[in-house]
Each structure stands twice: as C-alpha cells, then as structure tokens.
Amino acid sequence: MFPILLMLAAPNPPIPINDAQMRDIGCVATIALAVGERPDLTQAGKRWSGIVGQRVMDMTGQPREVVALAMTEAAKAQSALQEPAEVRNDRIARCQAIMYGELAAADAASTPLPKPVPS
C-alpha cells in the first residue's frame, strides 16, 4: 500500500510535446530566424516565445531546458531548409499572424475592465 501512496503523492510525470505544441515551437523558430531580416519582429517575437514556452511547459510538465532545446532544434532544422523564398515568406506570414493574434489575446486578458459609469 505504501508504494501506491507514493505514486499518488508524486507530481504528474512530464508528457511528450504533441504535434500542435511542436507547430507552435516551429513558429517561434520561424519568427526568431526572420528577425535578422525583419527587426520589427524582435520585441513581439521575444514576448511570444516566452508565452509559447510557458504554455508548453504548463501543458506537458516538461522543464524549461527541454522546451528551449526543442525551440533550438526547430530553428536549426529550419535554417538548414533549402526552400524557395515565397514558401519561406508564406511560413513567416502565417506564424506572424498566429503570434500577433495570441499577443492581442494576452493583452486583452490582462487589460483591466473599465470603471463603472454612474447612471
């Protein structure tokens, strides 16, 4: 009975990063690589990478180092791709739209409600 109590008391073990989370990690890598050509993405990209990283850690239980390694490996894989510029630009545009949508949602969630107006 004691081992069962230990298993119940132990925190949940990490679960593998799923396809949707890897897609988000890939988009973070895409934005990070695009910053060299598009410095306007720097601040938003940094903020979004933190949001995605935290979300993946929260959902999987994986430590920060594992998620950071996944982001680094995704960036390495993308930088090695030999793809036409239009394919790369489409990927950047798609990831940029996802990033700005998630940043807008995060901003909306943290915006305080307006003060009530007396009637």
# chains A, B, ... in the order shown; residues from 1 in each chain; ligands from 1
$ select_by_dssp --residues "chain A" --states "alpha helix (DSSP H)" --output "number ranges by chain"
A: 2-9, 19-34, 42-60, 64-79, 85-110
$ residues_around --residues "range 103-109 of chain A" --least-positions-apart "5" --cutoff "10 Å" --atoms "only C-alpha atoms" --output "list of chain:residue names"
A:Ala44, A:Gly45, A:Arg47, A:Trp48, A:Ile51, A:Ala97, A:Ile98
$ write_last_selection --atoms "N, CA and C atoms" --output "PDB file, in the first residue's frame"
ATOM      1  N   ALA A  44       8.082  41.659 -30.264  1.00  0.00           N
ATOM      2  CA  ALA A  44       6.915  40.774 -30.242  1.00  0.00           C
ATOM      3  C   ALA A  44       7.362  39.310 -30.218  1.00  0.00           C
ATOM      4  N   GLY A  45       8.404  38.990 -30.967  1.00  0.00           N
ATOM      5  CA  GLY A  45       8.908  37.618 -31.004  1.00  0.00           C
ATOM      6  C   GLY A  45       9.437  37.152 -29.664  1.00  0.00           C
ATOM      7  N   ARG A  47       8.553  38.292 -26.710  1.00  0.00           N
ATOM      8  CA  ARG A  47       7.408  38.148 -25.799  1.00  0.00           C
ATOM      9  C   ARG A  47       6.633  36.868 -26.120  1.00  0.00           C
ATOM     10  N   TRP A  48       6.398  36.626 -27.395  1.00  0.00           N
ATOM     11  CA  TRP A  48       5.619  35.460 -27.794  1.00  0.00           C
ATOM     12  C   TRP A  48       6.356  34.164 -27.500  1.00  0.00           C
ATOM     13  N   ILE A  51       5.637  33.286 -24.045  1.00  0.00           N
ATOM     14  CA  ILE A  51       4.258  32.798 -23.870  1.00  0.00           C
ATOM     15  C   ILE A  51       4.155  31.349 -24.339  1.00  0.00           C
ATOM     16  N   ALA A  97       0.978  35.995 -38.153  1.00  0.00           N
ATOM     17  CA  ALA A  97      -0.445  36.167 -37.859  1.00  0.00           C
ATOM     18  C   ALA A  97      -0.827  35.447 -36.567  1.00  0.00           C
ATOM     19  N   ILE A  98      -0.326  34.230 -36.377  1.00  0.00           N
ATOM     20  CA  ILE A  98      -0.591  33.487 -35.140  1.00  0.00           C
ATOM     21  C   ILE A  98      -0.024  34.260 -33.947  1.00  0.00           C
TER      22      ILE A  98
END
$ residues_around --residues "Gly53 in chain A" --least-positions-apart "3" --cutoff "12 Å" --atoms "only C-alpha atoms" --output "VMD selection string"
chain A and resid 17 21 to 22 24 to 29 45 to 50 56 to 72
$ atom_distance --atom1 "CA of Val87 in chain A" --atom2 "CA of Asn18 in chain A"
24.2 Å
$ atom_distance --atom1 "CA of Gln78 in chain A" --atom2 "CA of Leu41 in chain A"
17.6 Å
$ atom_distance --atom1 "CA of Asp40 in chain A" --atom2 "CA of Lys76 in chain A"
21.9 Å
$ residues_around --residues "Thr42 in chain A" --least-positions-apart "6" --cutoff "10 Å" --atoms "only C-alpha atoms" --output "PyMOL selection string"
chain A and resi 31-32+34-36+48
$ decode --residues "range 16-59 of chain A" --atoms "N, CA and C atoms" --output "compact mmCIF listing (two decimals), in the first residue's frame"
# COMPACT_ATOMS: atom_id res chain seq x y z
N PRO A 16 4.96 13.85 -23.43
CA PRO A 16 5.66 14.31 -24.64
C PRO A 16 5.01 15.56 -25.23
N ILE A 17 5.81 16.33 -25.90
CA ILE A 17 5.30 17.51 -26.61
C ILE A 17 4.53 17.00 -27.83
N ASN A 18 3.28 17.47 -27.99
CA ASN A 18 2.44 16.96 -29.08
C ASN A 18 2.65 17.77 -30.37
N ASP A 19 1.96 17.35 -31.42
CA ASP A 19 2.13 17.98 -32.74
C ASP A 19 1.74 19.46 -32.74
N ALA A 20 0.65 19.81 -32.07
CA ALA A 20 0.22 21.22 -32.04
C ALA A 20 1.25 22.08 -31.30
N GLN A 21 1.80 21.55 -30.22
CA GLN A 21 2.83 22.29 -29.48
C GLN A 21 4.11 22.41 -30.31
N MET A 22 4.45 21.36 -31.05
CA MET A 22 5.62 21.42 -31.93
C MET A 22 5.41 22.42 -33.06
N ARG A 23 4.18 22.54 -33.53
CA ARG A 23 3.87 23.54 -34.55
C ARG A 23 4.10 24.94 -33.99
N ASP A 24 3.65 25.18 -32.76
CA ASP A 24 3.88 26.48 -32.12
C ASP A 24 5.37 26.73 -31.92
N ILE A 25 6.09 25.71 -31.49
CA ILE A 25 7.54 25.83 -31.31
C ILE A 25 8.21 26.13 -32.66
N GLY A 26 7.75 25.48 -33.72
CA GLY A 26 8.27 25.75 -35.05
C GLY A 26 8.02 27.18 -35.48
N CYS A 27 6.85 27.72 -35.13
CA CYS A 27 6.55 29.11 -35.47
C CYS A 27 7.44 30.07 -34.68
N VAL A 28 7.71 29.76 -33.44
CA VAL A 28 8.63 30.59 -32.66
C VAL A 28 9.99 30.60 -33.34
N ALA A 29 10.44 29.44 -33.80
CA ALA A 29 11.72 29.35 -34.50
C ALA A 29 11.68 30.16 -35.80
N THR A 30 10.58 30.09 -36.52
CA THR A 30 10.43 30.85 -37.76
C THR A 30 10.57 32.35 -37.51
N ILE A 31 9.88 32.83 -36.48
CA ILE A 31 9.95 34.26 -36.15
C ILE A 31 11.36 34.62 -35.71
N ALA A 32 11.99 33.78 -34.91
CA ALA A 32 13.35 34.06 -34.43
C ALA A 32 14.32 34.17 -35.61
N LEU A 33 14.18 33.30 -36.59
CA LEU A 33 15.06 33.36 -37.76
C LEU A 33 14.74 34.56 -38.64
N ALA A 34 13.48 34.97 -38.67
CA ALA A 34 13.08 36.11 -39.51
C ALA A 34 13.54 37.44 -38.94
N VAL A 35 13.84 37.49 -37.65
CA VAL A 35 14.23 38.74 -37.00
C VAL A 35 15.47 39.35 -37.67
N GLY A 36 16.36 38.52 -38.20
CA GLY A 36 17.54 39.04 -38.88
C GLY A 36 17.20 39.95 -40.05
N GLU A 37 16.10 39.62 -40.74
CA GLU A 37 15.66 40.41 -41.88
C GLU A 37 14.57 41.41 -41.50
N ARG A 38 13.85 41.11 -40.42
CA ARG A 38 12.71 41.92 -40.00
C ARG A 38 12.84 42.31 -38.54
N PRO A 39 13.67 43.32 -38.24
CA PRO A 39 13.88 43.70 -36.83
C PRO A 39 12.60 44.16 -36.13
N ASP A 40 11.57 44.52 -36.89
CA ASP A 40 10.30 44.92 -36.28
C ASP A 40 9.63 43.76 -35.54
N LEU A 41 10.08 42.54 -35.79
CA LEU A 41 9.51 41.37 -35.10
C LEU A 41 10.21 41.05 -33.78
N THR A 42 11.29 41.77 -33.48
CA THR A 42 12.14 41.41 -32.33
C THR A 42 11.37 41.40 -31.02
N GLN A 43 10.77 42.52 -30.64
CA GLN A 43 10.11 42.61 -29.34
C GLN A 43 8.92 41.66 -29.23
N ALA A 44 8.08 41.66 -30.26
CA ALA A 44 6.91 40.77 -30.24
C ALA A 44 7.36 39.31 -30.22
N GLY A 45 8.40 38.99 -30.97
CA GLY A 45 8.91 37.62 -31.00
C GLY A 45 9.44 37.15 -29.66
N LYS A 46 10.16 38.03 -28.97
CA LYS A 46 10.67 37.68 -27.64
C LYS A 46 9.52 37.41 -26.68
N ARG A 47 8.55 38.29 -26.71
CA ARG A 47 7.41 38.15 -25.80
C ARG A 47 6.63 36.87 -26.12
N TRP A 48 6.40 36.63 -27.40
CA TRP A 48 5.62 35.46 -27.79
C TRP A 48 6.36 34.16 -27.50
N SER A 49 7.67 34.15 -27.68
CA SER A 49 8.42 32.92 -27.38
C SER A 49 8.28 32.56 -25.90
N GLY A 50 8.24 33.57 -25.04
CA GLY A 50 8.02 33.31 -23.62
C GLY A 50 6.63 32.75 -23.35
N ILE A 51 5.64 33.29 -24.04
CA ILE A 51 4.26 32.80 -23.87
C ILE A 51 4.15 31.35 -24.34
N VAL A 52 4.69 31.07 -25.51
CA VAL A 52 4.62 29.70 -26.05
C VAL A 52 5.41 28.73 -25.17
N GLY A 53 6.61 29.15 -24.78
CA GLY A 53 7.42 28.29 -23.93
C GLY A 53 6.73 27.95 -22.62
N GLN A 54 6.15 28.95 -21.98
CA GLN A 54 5.45 28.72 -20.72
C GLN A 54 4.24 27.83 -20.91
N ARG A 55 3.51 28.06 -22.00
CA ARG A 55 2.32 27.25 -22.27
C ARG A 55 2.71 25.78 -22.48
N VAL A 56 3.77 25.54 -23.23
CA VAL A 56 4.20 24.15 -23.47
C VAL A 56 4.67 23.52 -22.16
N MET A 57 5.41 24.27 -21.34
CA MET A 57 5.84 23.73 -20.05
C MET A 57 4.64 23.40 -19.17
N ASP A 58 3.66 24.30 -19.13
CA ASP A 58 2.47 24.08 -18.30
C ASP A 58 1.66 22.87 -18.77
N MET A 59 1.54 22.71 -20.08
CA MET A 59 0.71 21.64 -20.63
C MET A 59 1.39 20.28 -20.57
